[in-house]
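**Q** What follows is coords17.txt, made up of compact mmCIF, C-alpha atoms and all ligand atoms:
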# COMPACT_ATOMS: atom_id res chain seq x y z
CA MET H 290 -11.94 -18.72 -1.75
CA ARG H 291 -14.50 -19.21 -4.54
CA ARG H 292 -13.27 -18.91 -8.06
CA TRP H 293 -15.51 -16.32 -9.75
CA MET H 294 -15.91 -18.49 -12.85
CA ARG H 295 -17.85 -21.06 -10.82
CA CYS H 296 -20.42 -18.63 -9.53
CA CYS H 297 -20.49 -15.76 -11.93
CA PRO H 298 -23.96 -15.37 -13.51
CA VAL H 299 -23.81 -15.35 -17.29
CA ARG H 300 -25.95 -13.29 -19.67
CA ARG H 301 -27.83 -14.86 -22.58
CA ASN H 302 -25.08 -13.78 -24.97
CA GLY H 303 -22.63 -15.79 -22.90
CA GLN H 304 -20.87 -12.75 -21.44
CA PRO H 305 -20.66 -12.36 -17.67
CA PRO H 306 -22.34 -9.12 -16.55
CA TRP H 307 -19.09 -7.44 -15.52
CA ARG H 308 -17.51 -7.62 -18.97
CA SER H 309 -18.09 -3.98 -19.70
CA ARG H 310 -15.48 -3.55 -22.41
CA PRO H 311 -13.12 -6.18 -23.76
CA VAL H 312 -9.39 -5.87 -23.27
CA ASP H 313 -7.99 -4.41 -26.48
CA ASN H 314 -6.49 -7.25 -28.51
CA GLY H 315 -5.04 -5.11 -31.24
CA ALA H 316 -1.42 -4.32 -31.79
CA SER H 317 0.55 -3.25 -28.72
CA THR H 318 -0.69 0.17 -27.76
CA SER H 319 1.43 1.08 -24.80
CA GLY H 320 0.58 4.73 -24.45
CA GLN H 321 -2.97 4.63 -25.80
CA ASP H 322 -3.82 8.09 -24.47
CA SER H 323 -0.66 9.93 -25.30
CA PRO H 324 2.81 8.87 -26.35
CA MET H 325 3.88 9.19 -22.69
CA SER H 326 1.02 7.14 -21.22
CA HIS H 327 1.86 3.80 -19.58
CA GLY H 328 -0.63 0.94 -19.26
CA ILE H 329 -1.37 -0.71 -15.91
CA ALA H 330 -2.91 -4.13 -15.23
CA VAL H 331 -4.62 -4.13 -11.84
CA ILE H 332 -4.88 -7.48 -10.04
CA GLY H 333 -7.23 -7.32 -7.04
CA LEU H 334 -10.19 -4.93 -7.10
CA GLY H 335 -10.83 -4.38 -3.41
CA VAL H 336 -10.28 -1.14 -1.50
CA ILE H 337 -6.82 -0.42 -2.85
CA GLY H 338 -7.30 -1.77 -6.38
CA ARG H 339 -10.36 0.43 -6.80
CA ARG H 340 -8.37 3.39 -5.47
CA MET H 341 -5.91 2.88 -8.33
CA LEU H 342 -8.81 2.80 -10.82
CA ASP H 343 -10.20 5.98 -9.33
CA GLN H 344 -6.93 7.90 -9.00
CA THR H 345 -5.68 7.13 -12.53
CA ARG H 346 -8.99 8.16 -14.11
CA HIS H 347 -7.91 11.68 -15.01
CA ARG H 348 -4.20 11.18 -15.55
CA ASN H 349 -2.70 11.17 -19.00
CA ASP H 350 0.59 9.46 -18.07
CA LEU H 351 -0.89 6.31 -16.50
CA LYS H 352 -3.94 4.37 -17.63
CA VAL H 353 -5.50 1.14 -16.39
CA VAL H 354 -5.75 -1.02 -19.51
CA SER H 355 -6.84 -4.28 -17.87
CA ALA H 356 -8.05 -5.51 -14.48
CA TRP H 357 -9.04 -8.72 -12.76
CA ASP H 358 -10.23 -9.97 -9.37
CA ILE H 359 -10.86 -13.49 -8.17
CA THR H 360 -14.41 -12.76 -6.95
CA ASP H 361 -17.40 -12.02 -9.15
CA ARG H 362 -18.62 -9.48 -6.58
CA ALA H 363 -15.49 -7.34 -7.03
CA MET H 364 -15.62 -7.75 -10.82
CA ARG H 365 -19.27 -6.69 -10.98
CA SER H 366 -18.79 -3.72 -8.75
CA ALA H 367 -15.74 -2.58 -10.76
CA ALA H 368 -17.76 -2.94 -13.98
CA ALA H 369 -20.54 -0.80 -12.51
CA ASP H 370 -18.31 1.92 -11.07
CA PHE H 371 -15.52 2.00 -13.67
CA PRO H 372 -17.20 1.13 -16.98
CA GLU H 373 -14.23 2.49 -18.92
CA VAL H 374 -11.86 -0.16 -17.47
CA PRO H 375 -11.50 -3.37 -19.52
CA LEU H 376 -11.97 -6.43 -17.30
CA ALA H 377 -10.00 -9.52 -18.26
CA ALA H 378 -11.04 -13.17 -18.08
CA SER H 379 -8.12 -14.22 -15.86
CA ALA H 380 -5.10 -12.78 -14.08
CA ARG H 381 -2.84 -14.03 -16.83
CA ALA H 382 -5.02 -12.43 -19.52
CA ALA H 383 -4.94 -9.13 -17.62
CA ILE H 384 -1.17 -9.22 -17.22
CA GLU H 385 -0.49 -10.29 -20.82
CA ALA H 386 -2.98 -7.84 -22.33
CA PRO H 387 -1.53 -5.56 -25.02
CA GLY H 388 -0.43 -2.20 -23.74
CA VAL H 389 0.40 -3.36 -20.19
CA ASP H 390 3.68 -1.86 -18.95
CA ILE H 391 3.16 -2.24 -15.19
CA VAL H 392 1.36 -4.88 -13.16
CA TYR H 393 -0.16 -3.49 -9.97
CA VAL H 394 -0.59 -6.30 -7.44
CA GLY H 395 -3.38 -5.18 -5.09
CA THR H 396 -4.40 -8.49 -3.52
CA PRO H 397 -3.93 -9.59 0.10
CA PRO H 398 -0.23 -10.35 0.75
CA ALA H 399 -0.40 -14.15 0.49
CA PHE H 400 -0.95 -13.78 -3.29
CA HIS H 401 1.65 -11.12 -4.07
CA ARG H 402 4.33 -13.63 -5.02
CA GLU H 403 2.13 -15.49 -7.52
CA TYR H 404 1.25 -12.33 -9.44
CA VAL H 405 4.70 -10.76 -9.23
CA GLU H 406 6.10 -13.95 -10.80
CA MET H 407 3.41 -13.87 -13.48
CA ALA H 408 4.26 -10.24 -14.25
CA ILE H 409 7.98 -11.04 -14.52
CA ALA H 410 7.24 -13.94 -16.88
CA ALA H 411 5.27 -11.53 -19.10
CA GLY H 412 8.12 -8.99 -19.08
CA ARG H 413 6.13 -6.35 -17.18
CA LYS H 414 7.31 -3.90 -14.55
CA VAL H 415 5.92 -4.50 -11.06
CA PHE H 416 4.15 -2.22 -8.59
CA CYS H 417 3.28 -4.37 -5.58
CA GLU H 418 1.22 -3.55 -2.54
CA LYS H 419 2.77 -3.68 0.90
CA PRO H 420 3.48 -5.70 2.93
CA LEU H 421 5.66 -7.39 0.31
CA ALA H 422 4.67 -10.79 1.70
CA VAL H 423 3.96 -12.48 5.01
CA SER H 424 6.21 -15.51 4.67
CA LEU H 425 9.94 -14.94 4.50
CA VAL H 426 10.20 -17.58 1.78
CA ASP H 427 7.78 -15.60 -0.41
CA GLY H 428 9.44 -12.25 0.30
CA GLU H 429 12.90 -13.57 -0.52
CA ALA H 430 11.64 -15.35 -3.65
CA ILE H 431 10.05 -12.10 -4.90
CA VAL H 432 13.26 -10.12 -4.39
CA ARG H 433 15.36 -12.84 -6.05
CA ALA H 434 13.03 -13.15 -9.07
CA LEU H 435 12.88 -9.37 -9.59
CA SER H 436 16.61 -9.01 -9.26
CA THR H 437 17.61 -11.90 -11.56
CA SER H 438 15.16 -10.71 -14.22
CA ALA H 439 16.25 -7.06 -13.71
CA THR H 440 12.58 -6.08 -13.49
CA ALA H 441 11.88 -2.48 -12.54
CA ASN H 442 9.76 -2.59 -9.41
CA GLY H 443 8.34 -0.65 -6.50
CA VAL H 444 6.30 -1.37 -3.37
CA ASN H 445 3.48 1.00 -2.48
CA TYR H 446 4.65 2.61 0.73
CA VAL H 447 2.73 5.86 0.23
CA PHE H 448 5.05 7.88 2.45
CA ALA H 449 7.66 7.43 -0.29
CA SER H 450 6.31 10.32 -2.36
CA ALA H 451 4.15 12.16 0.21
CA PRO H 452 4.85 15.93 0.24
CA ALA H 453 4.48 16.01 4.05
CA VAL H 454 7.20 13.39 4.45
CA ALA H 455 9.48 15.20 1.98
CA ALA H 456 9.00 18.37 4.08
CA MET H 457 9.71 16.47 7.29
CA GLU H 458 12.85 14.92 5.83
CA SER H 459 14.22 18.19 4.47
CA ARG H 460 13.67 19.91 7.85
CA LEU H 461 15.41 17.03 9.60
CA ARG H 462 18.38 17.11 7.20
CA ALA H 463 18.58 20.93 7.51
CA GLY H 464 19.03 20.56 11.27
CA ALA H 465 15.65 22.06 12.24
CA ILE H 466 15.33 19.75 15.26
CA GLY H 467 19.04 19.44 16.04
CA SER H 468 20.28 15.90 16.72
CA PRO H 469 17.47 13.30 16.76
CA ARG H 470 17.02 12.00 20.32
CA GLN H 471 13.93 9.79 20.16
CA ALA H 472 10.90 8.89 18.08
CA GLU H 473 7.43 7.75 19.11
CA ILE H 474 4.81 5.91 17.08
CA ARG H 475 1.27 5.87 18.51
CA LEU H 476 -1.48 3.90 16.79
CA PHE H 477 -4.99 3.31 18.07
CA PHE H 478 -8.01 1.94 16.20
CA SER H 479 -11.40 1.78 17.88
CA ARG H 480 -12.33 -1.01 15.44
CA TRP H 481 -10.02 -3.32 13.59
CA PRO H 482 -10.46 -3.79 10.65
CA ARG H 483 -11.63 -0.19 10.25
CA ASP H 484 -15.16 0.44 8.93
CA TRP H 485 -13.99 1.20 5.41
CA GLN H 486 -12.29 -2.21 5.33
CA ALA H 487 -15.50 -4.11 6.13
CA ASN H 488 -15.05 -6.35 3.05
CA ALA H 489 -11.38 -7.00 3.77
CA GLY H 490 -12.05 -9.79 6.29
CA TRP H 491 -8.48 -11.11 5.97
CA LEU H 492 -7.26 -8.06 7.95
CA ALA H 493 -8.87 -9.47 11.10
CA TRP H 494 -6.87 -12.70 11.01
CA ARG H 495 -3.42 -13.45 12.35
CA GLU H 496 -2.38 -15.32 9.21
CA GLU H 497 -2.14 -12.22 6.97
CA GLY H 498 -3.79 -9.32 8.77
CA GLY H 499 -3.45 -7.11 11.83
CA PHE H 500 -2.49 -3.44 12.22
CA VAL H 501 1.18 -4.23 12.82
CA ARG H 502 1.52 -5.46 9.23
CA GLU H 503 -1.07 -3.12 7.77
CA VAL H 504 -0.20 0.20 9.43
CA LEU H 505 2.96 -0.08 11.53
CA SER H 506 4.85 -1.31 8.43
CA HIS H 507 4.43 2.19 6.89
CA TYR H 508 6.22 3.68 9.91
CA VAL H 509 8.99 1.07 9.86
CA TYR H 510 9.57 2.11 6.24
CA LEU H 511 9.58 5.77 7.35
CA LEU H 512 12.00 5.14 10.25
CA ARG H 513 14.35 3.31 7.93
CA ARG H 514 14.24 6.17 5.45
CA LEU H 515 14.72 8.95 8.00
CA LEU H 516 17.06 7.35 10.53
CA GLY H 517 18.55 4.12 9.10
CA PRO H 518 18.20 0.37 9.71
CA VAL H 519 15.70 -0.66 12.40
CA ALA H 520 16.59 -3.07 15.22
CA ILE H 521 14.15 -4.48 17.77
CA GLU H 522 15.33 -4.10 21.37
CA ALA H 523 12.18 -5.30 23.14
CA ALA H 524 8.63 -6.11 22.08
CA ALA H 525 5.43 -7.49 23.56
CA ILE H 526 2.46 -8.44 21.38
CA GLY H 527 -0.95 -8.84 23.02
CA TRP H 528 -3.00 -11.46 21.20
CA GLN H 529 -6.78 -11.89 21.24
CA GLU H 530 -8.34 -14.88 22.96
CA ASP H 531 -9.02 -16.65 19.67
CA PRO H 532 -5.52 -17.57 18.44
CA ALA H 533 -6.63 -17.30 14.82
CA LEU H 534 -7.35 -13.58 15.26
CA CYS H 535 -4.78 -10.81 14.85
CA GLU H 536 -3.04 -8.87 17.62
CA ARG H 537 -4.89 -6.52 19.96
CA SER H 538 -1.85 -4.57 21.10
CA ALA H 539 1.84 -4.12 20.33
CA LEU H 540 4.40 -2.41 22.53
CA ALA H 541 7.98 -2.15 21.37
CA ARG H 542 11.28 -0.37 21.83
CA LEU H 543 13.24 -0.13 18.61
CA SER H 544 16.60 1.37 17.83
CA CYS H 545 17.10 3.16 14.57
CA GLY H 546 20.54 4.48 13.70
CA GLY H 547 21.14 4.74 17.45
CA VAL H 548 17.88 6.66 18.07
CA PRO H 549 15.42 4.97 20.47
CA VAL H 550 11.90 4.52 19.09
CA LEU H 551 8.90 3.81 21.31
CA VAL H 552 5.93 2.05 19.72
CA SER H 553 2.49 1.80 21.26
CA ALA H 554 -0.31 0.33 19.13
CA SER H 555 -3.70 -1.10 20.06
CA ALA H 556 -7.27 -1.60 18.89
CA GLY H 557 -10.72 -2.40 20.16
CA ALA H 558 -11.83 0.30 22.62
CA ALA H 559 -13.70 3.60 22.49
CA GLY H 560 -12.33 6.91 21.25
CA PRO H 561 -11.07 8.52 18.06
CA ASP H 562 -8.40 6.69 16.09
CA VAL H 563 -4.79 7.84 16.48
CA VAL H 564 -2.09 7.57 13.81
CA GLU H 565 0.89 9.63 14.93
CA PHE H 566 4.65 9.73 14.42
CA THR H 567 6.83 12.12 16.45
CA LEU H 568 10.53 12.72 15.95
CA ARG H 569 12.23 14.69 18.75
CA GLY H 570 15.66 16.24 18.59
CA ASP H 571 17.64 18.31 21.08
CA ALA H 572 16.41 21.57 19.48
CA GLY H 573 12.87 20.84 18.32
CA ALA H 574 10.40 18.20 17.20
CA LEU H 575 8.40 17.20 14.13
CA ARG H 576 5.11 15.33 14.10
CA LEU H 577 3.06 13.59 11.41
CA GLU H 578 -0.57 13.12 12.45
CA ASN H 579 -3.43 11.49 10.56
CA TRP H 580 -0.83 10.22 8.12
CA PHE H 581 -0.04 13.45 6.29
CA GLU H 582 -0.49 16.44 8.64
CA LEU H 583 2.91 17.84 9.57
CA SER H 584 3.55 19.97 12.68
CA ALA H 585 6.72 21.40 14.16
CA SER H 586 7.56 22.34 17.72
CA ASP H 587 10.26 24.69 18.96
CA GLY H 588 10.08 22.98 22.35
CA LYS H 589 6.95 24.73 23.62
CA ARG H 590 3.88 24.39 21.37
CA TRP H 591 3.00 22.56 18.16
CA THR H 592 2.41 24.56 14.98
CA GLN H 593 0.82 22.91 11.98
CA LEU H 594 2.84 23.53 8.81
CA PRO H 595 1.14 24.45 5.53
CA HIS H 596 0.68 21.40 3.36
CA GLY H 597 2.67 21.31 0.14
CA GLY H 598 1.64 19.42 -2.95
CA LEU H 599 -2.04 20.45 -3.02
CA GLY H 600 -3.66 21.44 -6.31
CA ALA H 601 -6.86 21.29 -8.34
CA ASP H 602 -6.46 17.55 -8.90
CA ARG H 603 -5.03 17.05 -5.35
CA PRO H 604 -7.46 18.89 -3.09
CA ASP H 605 -6.53 17.17 0.18
CA PRO H 606 -3.35 15.73 1.73
CA ARG H 607 -4.38 12.11 1.15
CA THR H 608 -5.06 12.65 -2.55
CA ALA H 609 -1.88 14.74 -2.84
CA ALA H 610 0.16 11.85 -1.41
CA TYR H 611 -1.48 9.29 -3.67
CA GLN H 612 -1.11 11.43 -6.79
CA SER H 613 2.53 12.14 -5.92
CA GLN H 614 3.08 8.39 -5.63
CA LEU H 615 1.53 8.00 -9.10
CA ASP H 616 3.89 10.73 -10.39
CA SER H 617 6.71 8.54 -9.07
CA LEU H 618 5.16 5.42 -10.61
CA ALA H 619 5.09 7.15 -14.00
CA GLN H 620 8.79 7.99 -13.52
CA LEU H 621 9.46 4.34 -12.66
CA ALA H 622 7.68 3.33 -15.89
CA ARG H 623 9.87 5.76 -17.85
CA GLY H 624 13.03 4.41 -16.21
CA GLU H 625 13.70 7.67 -14.36
CA PRO H 626 14.96 7.99 -10.77
CA GLN H 627 12.11 8.14 -8.25
CA PRO H 628 11.60 7.56 -4.51
CA ILE H 629 9.36 4.46 -4.34
CA PRO H 630 11.16 1.73 -2.35
CA ASP H 631 11.93 -1.44 -4.26
CA ALA H 632 11.17 -4.98 -3.12
CA ALA H 633 14.58 -5.35 -1.43
CA VAL H 634 13.78 -2.43 0.91
CA ALA H 635 10.25 -3.77 1.45
CA LEU H 636 11.75 -7.15 2.40
CA GLU H 637 13.77 -5.44 5.15
CA VAL H 638 10.55 -3.85 6.43
CA GLN H 639 8.80 -7.22 6.24
CA LYS H 640 11.56 -8.86 8.29
CA THR H 641 11.21 -6.26 11.06
CA ILE H 642 7.43 -6.57 11.11
CA GLU H 643 7.40 -10.37 11.16
CA ALA H 644 10.11 -10.42 13.86
CA LEU H 645 7.96 -8.08 15.98
CA LEU H 646 4.93 -10.34 15.56
CA ALA H 647 7.00 -13.40 16.42
CA SER H 648 8.39 -11.85 19.63
N1 LIG H 701 -0.44 1.26 0.39
C1 LIG H 701 -1.49 1.49 1.14
O1 LIG H 701 -1.66 2.59 1.65
C2 LIG H 701 -2.49 0.38 1.36
C3 LIG H 701 -3.76 0.67 1.90
C4 LIG H 701 -4.66 -0.40 2.05
C5 LIG H 701 -4.29 -1.70 1.68
N2 LIG H 701 -3.04 -1.94 1.19
C6 LIG H 701 -2.59 -3.28 0.78
O2 LIG H 701 -3.27 -3.61 -0.43
C7 LIG H 701 -3.50 -5.02 -0.49
C8 LIG H 701 -5.01 -5.24 -0.65
O3 LIG H 701 -5.69 -4.63 0.44
P1 LIG H 701 -7.22 -4.14 0.34
O4 LIG H 701 -7.46 -3.27 1.51
O5 LIG H 701 -7.49 -3.63 -1.02
O6 LIG H 701 -7.95 -5.54 0.57
P2 LIG H 701 -9.40 -5.94 0.04
O7 LIG H 701 -9.75 -7.20 0.75
O8 LIG H 701 -10.32 -4.78 0.10
O9 LIG H 701 -9.14 -6.25 -1.50
C9 LIG H 701 -8.40 -7.35 -1.93
C10 LIG H 701 -9.02 -7.84 -3.24
O10 LIG H 701 -8.19 -8.90 -3.71
C11 LIG H 701 -9.05 -9.93 -4.18
N3 LIG H 701 -8.32 -11.18 -4.12
C12 LIG H 701 -8.14 -11.99 -3.05
N4 LIG H 701 -7.39 -13.05 -3.41
C13 LIG H 701 -7.10 -12.88 -4.72
C14 LIG H 701 -6.38 -13.65 -5.65
N5 LIG H 701 -5.76 -14.79 -5.31
N6 LIG H 701 -6.31 -13.21 -6.93
C15 LIG H 701 -6.92 -12.05 -7.30
N7 LIG H 701 -7.62 -11.29 -6.47
C16 LIG H 701 -7.71 -11.70 -5.18
C17 LIG H 701 -10.26 -9.90 -3.28
O11 LIG H 701 -11.38 -10.49 -3.91
C18 LIG H 701 -10.43 -8.40 -3.06
O12 LIG H 701 -11.31 -7.84 -4.00
C19 LIG H 701 -2.92 -5.59 0.81
O13 LIG H 701 -1.60 -6.02 0.59
C20 LIG H 701 -2.95 -4.39 1.75
O14 LIG H 701 -2.01 -4.50 2.79
C21 LIG H 701 -2.15 -0.91 1.02
Any chance you could give the structure as structure tokens?
**A**
Amino acid sequence: MRRWMRCCPVRRNGQPPWRSRPVDNGASTSGQDSPMSHGIAVIGLGVIGRRMLDQTRHRNDLKVVSAWDITDRAMRSAAADFPEVPLAASARAAIEAPGVDIVYVGTPPAFHREYVEMAIAAGRKVFCEKPLAVSLVDGEAIVRALSTSATANGVNYVFASAPAVAAMESRLRAGAIGSPRQAEIRLFFSRWPRDWQANAGWLAWREEGGFVREVLSHYVYLLRRLLGPVAIEAAAIGWQEDPALCERSALARLSCGGVPVLVSASAGAAGPDVVEFTLRGDAGALRLENWFELSASDGKRWTQLPHGGLGADRPDPRTAAYQSQLDSLAQLARGEPQPIPDAAVALEVQKTIEALLAS
């Protein structure tokens, strides 16, 4: 990958065009907005890094105080769309900038370890994107480094704080479906990577990408949370003709706390996308569709349940889930209990996902 410094056009005053506002070099100002505000350094300004910039814009407990991406294209587009965000000259400068409490690692997974280690060295808390890593060596090194340095950390499995998942879990625990008997995960993508990921070319490749890592990992996290540790009983991955490309299909039978789980995932044919998780008990069933739409069944028909967590700043289920996750991130920054899984949990998810892909 090109280093942006080699190709970034420079203005006559010597400043690259994306340097919209310098990182504040004054005294440490953790909490620049209000005494309770925590500063975030964002590393990686693609789809998910930009989402963090967008979703923290109107919060007064979290504020992006520095950001950096390896490509000049991402830096320029962040400067144009988020002129209030200070862009740093390097990852290290972003992470070490005054006022940074949390480093948000939003790069493709192969680079998570490098930036997590940089954040630890700078004494920052860590919020890392999933999957934690692709290689087991990297995943284990991340967990070890976070644990030996006692660094507060979380991995961005968005179901962690999603109101729909909290509602599903409380119904399950209250016995609304009786004893869990089986779960089903159905994923289908007409195009992979999806249209909104057109710039995220790495998702198409076997080395780091594919929908098993990118999407199924969320459901492995969810299974683990709802039912317990996940074991693989049988799996068959269908690969594309070009061995460098990611999977085209994945069929699996998992066992989760004794509950059988059937997985069917595929991409590359016509029809609307499907992202669906169903949990069936002996007295009823619960279903999450389109990520955050919760329905319940008494055994006959499905009834969509009203969505909790909506509000003026959270007008739709997706925004509600993201903002709830940021509520949890602010709690993490304050040292309060919160539901975001840490790297050790994410490593367990990673092991299941990589074992599936290796089967
Ligand atoms: N939690 C979620 O719901 C969710 C959703 C989408 C993506 N993700 C995860 O977020 C991460 C990023 O995904 P994305 O969709 O934003 O990808 P993307 O390709 O859109 O963005 C990645 C950005 O990282 C930059 N980058 C690449 N290598 C870098 C490096 N060494 N140093 C600094 N920047 C680098 C790229 O230039 C790009 O701008 C992945 O781990 C992905 O799995 C999570």
**Q** Can you write out as a tab-separated table which residues of chain H fall within 7 Å of ligand LIG 701 (chain H), alongside each residue's closest atom pair and its distance in Å to one decimal, counting all atoms listed in the file and ordering rows by chain and ascending residue number?
**A**
residue	atom	partner	partner_atom	distance
H:Ile332	CA	H:LIG701	C15	5.7
H:Gly333	CA	H:LIG701	O10	3.8
H:Leu334	CA	H:LIG701	O12	4.4
H:Gly335	CA	H:LIG701	O9	3.2
H:Val336	CA	H:LIG701	O5	3.8
H:Ile337	CA	H:LIG701	O5	3.8
H:Gly338	CA	H:LIG701	O5	5.7
H:Trp357	CA	H:LIG701	C15	6.7
H:Asp358	CA	H:LIG701	N7	4.1
H:Ile359	CA	H:LIG701	N7	4.3
H:Thr360	CA	H:LIG701	O11	4.9
H:Ala363	CA	H:LIG701	O12	5.2
H:Gly395	CA	H:LIG701	C7	4.6
H:Thr396	CA	H:LIG701	O10	3.8
H:Pro397	CA	H:LIG701	C19	4.2
H:Pro398	CA	H:LIG701	O13	4.5
H:Phe400	CA	H:LIG701	N5	5.3
H:Glu418	CA	H:LIG701	O13	4.9
H:Lys419	CA	H:LIG701	O13	5.0
H:Pro420	CA	H:LIG701	O13	5.6
H:Asn445	CA	H:LIG701	N1	4.9
H:Tyr446	CA	H:LIG701	N1	5.3
H:Val447	CA	H:LIG701	N1	5.6
H:Gln486	CA	H:LIG701	O8	6.2
H:Asn488	CA	H:LIG701	O8	5.8
H:Ala489	CA	H:LIG701	O7	3.4
H:Gly490	CA	H:LIG701	O7	6.5
H:Trp491	CA	H:LIG701	O7	6.6
H:Glu503	CA	H:LIG701	O14	5.3
**Q** Take the residues from that selection and put them in a file with C-alpha atoms, as a PDB file, in the coordinates of the input.
**A**
ATOM      1  CA  ILE H 332      -4.880  -7.480 -10.040  1.00  0.00           C
ATOM      2  CA  GLY H 333      -7.230  -7.320  -7.040  1.00  0.00           C
ATOM      3  CA  LEU H 334     -10.190  -4.930  -7.100  1.00  0.00           C
ATOM      4  CA  GLY H 335     -10.830  -4.380  -3.410  1.00  0.00           C
ATOM      5  CA  VAL H 336     -10.280  -1.140  -1.500  1.00  0.00           C
ATOM      6  CA  ILE H 337      -6.820  -0.420  -2.850  1.00  0.00           C
ATOM      7  CA  GLY H 338      -7.300  -1.770  -6.380  1.00  0.00           C
ATOM      8  CA  TRP H 357      -9.040  -8.720 -12.760  1.00  0.00           C
ATOM      9  CA  ASP H 358     -10.230  -9.970  -9.370  1.00  0.00           C
ATOM     10  CA  ILE H 359     -10.860 -13.490  -8.170  1.00  0.00           C
ATOM     11  CA  THR H 360     -14.410 -12.760  -6.950  1.00  0.00           C
ATOM     12  CA  ALA H 363     -15.490  -7.340  -7.030  1.00  0.00           C
ATOM     13  CA  GLY H 395      -3.380  -5.180  -5.090  1.00  0.00           C
ATOM     14  CA  THR H 396      -4.400  -8.490  -3.520  1.00  0.00           C
ATOM     15  CA  PRO H 397      -3.930  -9.590   0.100  1.00  0.00           C
ATOM     16  CA  PRO H 398      -0.230 -10.350   0.750  1.00  0.00           C
ATOM     17  CA  PHE H 400      -0.950 -13.780  -3.290  1.00  0.00           C
ATOM     18  CA  GLU H 418       1.220  -3.550  -2.540  1.00  0.00           C
ATOM     19  CA  LYS H 419       2.770  -3.680   0.900  1.00  0.00           C
ATOM     20  CA  PRO H 420       3.480  -5.700   2.930  1.00  0.00           C
ATOM     21  CA  ASN H 445       3.480   1.000  -2.480  1.00  0.00           C
ATOM     22  CA  TYR H 446       4.650   2.610   0.730  1.00  0.00           C
ATOM     23  CA  VAL H 447       2.730   5.860   0.230  1.00  0.00           C
ATOM     24  CA  GLN H 486     -12.290  -2.210   5.330  1.00  0.00           C
ATOM     25  CA  ASN H 488     -15.050  -6.350   3.050  1.00  0.00           C
ATOM     26  CA  ALA H 489     -11.380  -7.000   3.770  1.00  0.00           C
ATOM     27  CA  GLY H 490     -12.050  -9.790   6.290  1.00  0.00           C
ATOM     28  CA  TRP H 491      -8.480 -11.110   5.970  1.00  0.00           C
ATOM     29  CA  GLU H 503      -1.070  -3.120   7.770  1.00  0.00           C
TER      30      GLU H 503
END
**Q** Give as JSON, numbers by chain each residue that has an atom at most 10 Å from (5.9, -8.8, -19.4) in the file, counting all atoms listed in the file.
**A** {"H": [384, 385, 386, 387, 389, 390, 391, 392, 407, 408, 409, 410, 411, 412, 413, 414, 415, 440]}
**Q** Check the smallest atom-to-atom distance from each of H:Gln344, H:Ser613, H:Asn442, H:Thr641 to His507 in chain H using all atoms listed in the file, then report the winner.
**A** H:Thr641
**Q** Taking (19.6, 23.4, 19.1) in the file's coordinates as the center, which residues reach within 12 Å of it, counting only C-alpha atoms, put as a list in words?
**A**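 Looking at atoms near the point gives Ala463, Gly464, Ala465, Ile466, Gly467, Ser468, Pro469, Arg470, Arg569, Gly570, Asp571, Ala572, Gly573, Ala574, Asp587 and Gly588 of chain H.
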**Q** I want to know what sits within 12 Å of Ala644 in chain H, based on only C-alpha atoms, with residues of the same chain fewer than 2 positions away left out; could you give that as a PyMOL selection string?
**A** chain H and resi 423-425+501-502+506+519-526+541+543+637-642+646-648
**Q** Pick out the residues sitting within 8 Å of Ala472 in chain H, and hand them over as a PyMOL selection string; count all atoms listed in the file, and ignore anything fewer than 3 positions along from it in its own chain.
**A** chain H and resi 548-551+566-569
**Q** Find the residue from H:Gly600, H:Ala635, H:Cys535, H:Pro626 that sits nearest to Leu511 in chain H; use all atoms listed in the file when measuring.
**A**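 Of the candidates, the smallest distance to Leu511 in chain H is held by H:Ala635.
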**Q** Distance CA of Asn579 in chain H-CA of Pro561 in chain H, one decimal place?
**A**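 The value is 11.1 Å.
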**Q** Given all atoms listed in the file as the basis, pick out the residue of H:Val454, H:Ala441, H:Val354, H:Met341 nearest to Gly328 in chain H.
**A**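 Residue with the minimum atom-to-atom distance to Gly328 in chain H: H:Val354.
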**Q** Padding of 5 Å on every side, edges along x, y and z, all listed atoms of range 484-487 of chain H included: what centre and edge lengths in Å, to one decimal, does that box have, as AutoDock Vina command-line options?
**A**
--center_x -13.9 --center_y -1.5 --center_z 7.1 --size_x 13.2 --size_y 15.3 --size_z 13.6
**Q** Measuring between all atoms listed in the file, which one of H:Leu435, H:Ala585, H:Ala422, H:Ala451 shows the shortest distance to Asp616 in chain H?
**A** H:Ala451
**Q** Using only C-alpha atoms, which residues sit within 12 Å of Ser538 in chain H once same-chain residues fewer than 6 positions away are excluded, as a list of chain:residue names?
**A**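 Here the answer would be H:Arg475, H:Leu476, H:Phe477, H:Phe478, H:Ser479, H:Trp481, H:Gly499, H:Phe500, H:Val501, H:Leu505, H:Ala524, H:Ala525, H:Ile526, H:Gly527, H:Trp528, H:Gln529, H:Val552, H:Ser553, H:Ala554, H:Ser555, H:Ala556, H:Gly557, H:Ala558, H:Leu645, H:Leu646.
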**Q** If I take CA of Ala434 in chain H and CA of Leu421 in chain H, how far is one from the other in Å, to one decimal?
**A**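 CA of Ala434 in chain H sits 13.2 Å away from CA of Leu421 in chain H.
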**Q** Using all atoms listed in the file for the distances, tell me which of H:Pro518, H:Met457, H:Pro604, H:Gln612 is nearest to Leu575 in chain H.
**A** H:Met457
**Q** So the first atom is CA of Ser438 in chain H and the second is CA of Pro375 in chain H; what is the distance between them in Å, to one decimal place?
**A**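 Going from CA of Ser438 in chain H over to CA of Pro375 in chain H, I get 28.2 Å.
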**Q** List the spatial neighbours of Ala449 in chain H as a list in words - criterion: any atom at most 10 Å away, all atoms listed in the file, same-chain residues fewer than 6 positions off excluded.
**A** Ala455, His507, Tyr510, Leu511, Arg514, Ala610, Tyr611, Ser613, Gln614, Ser617, Gln627, Pro628, Ile629 and Pro630 of chain H
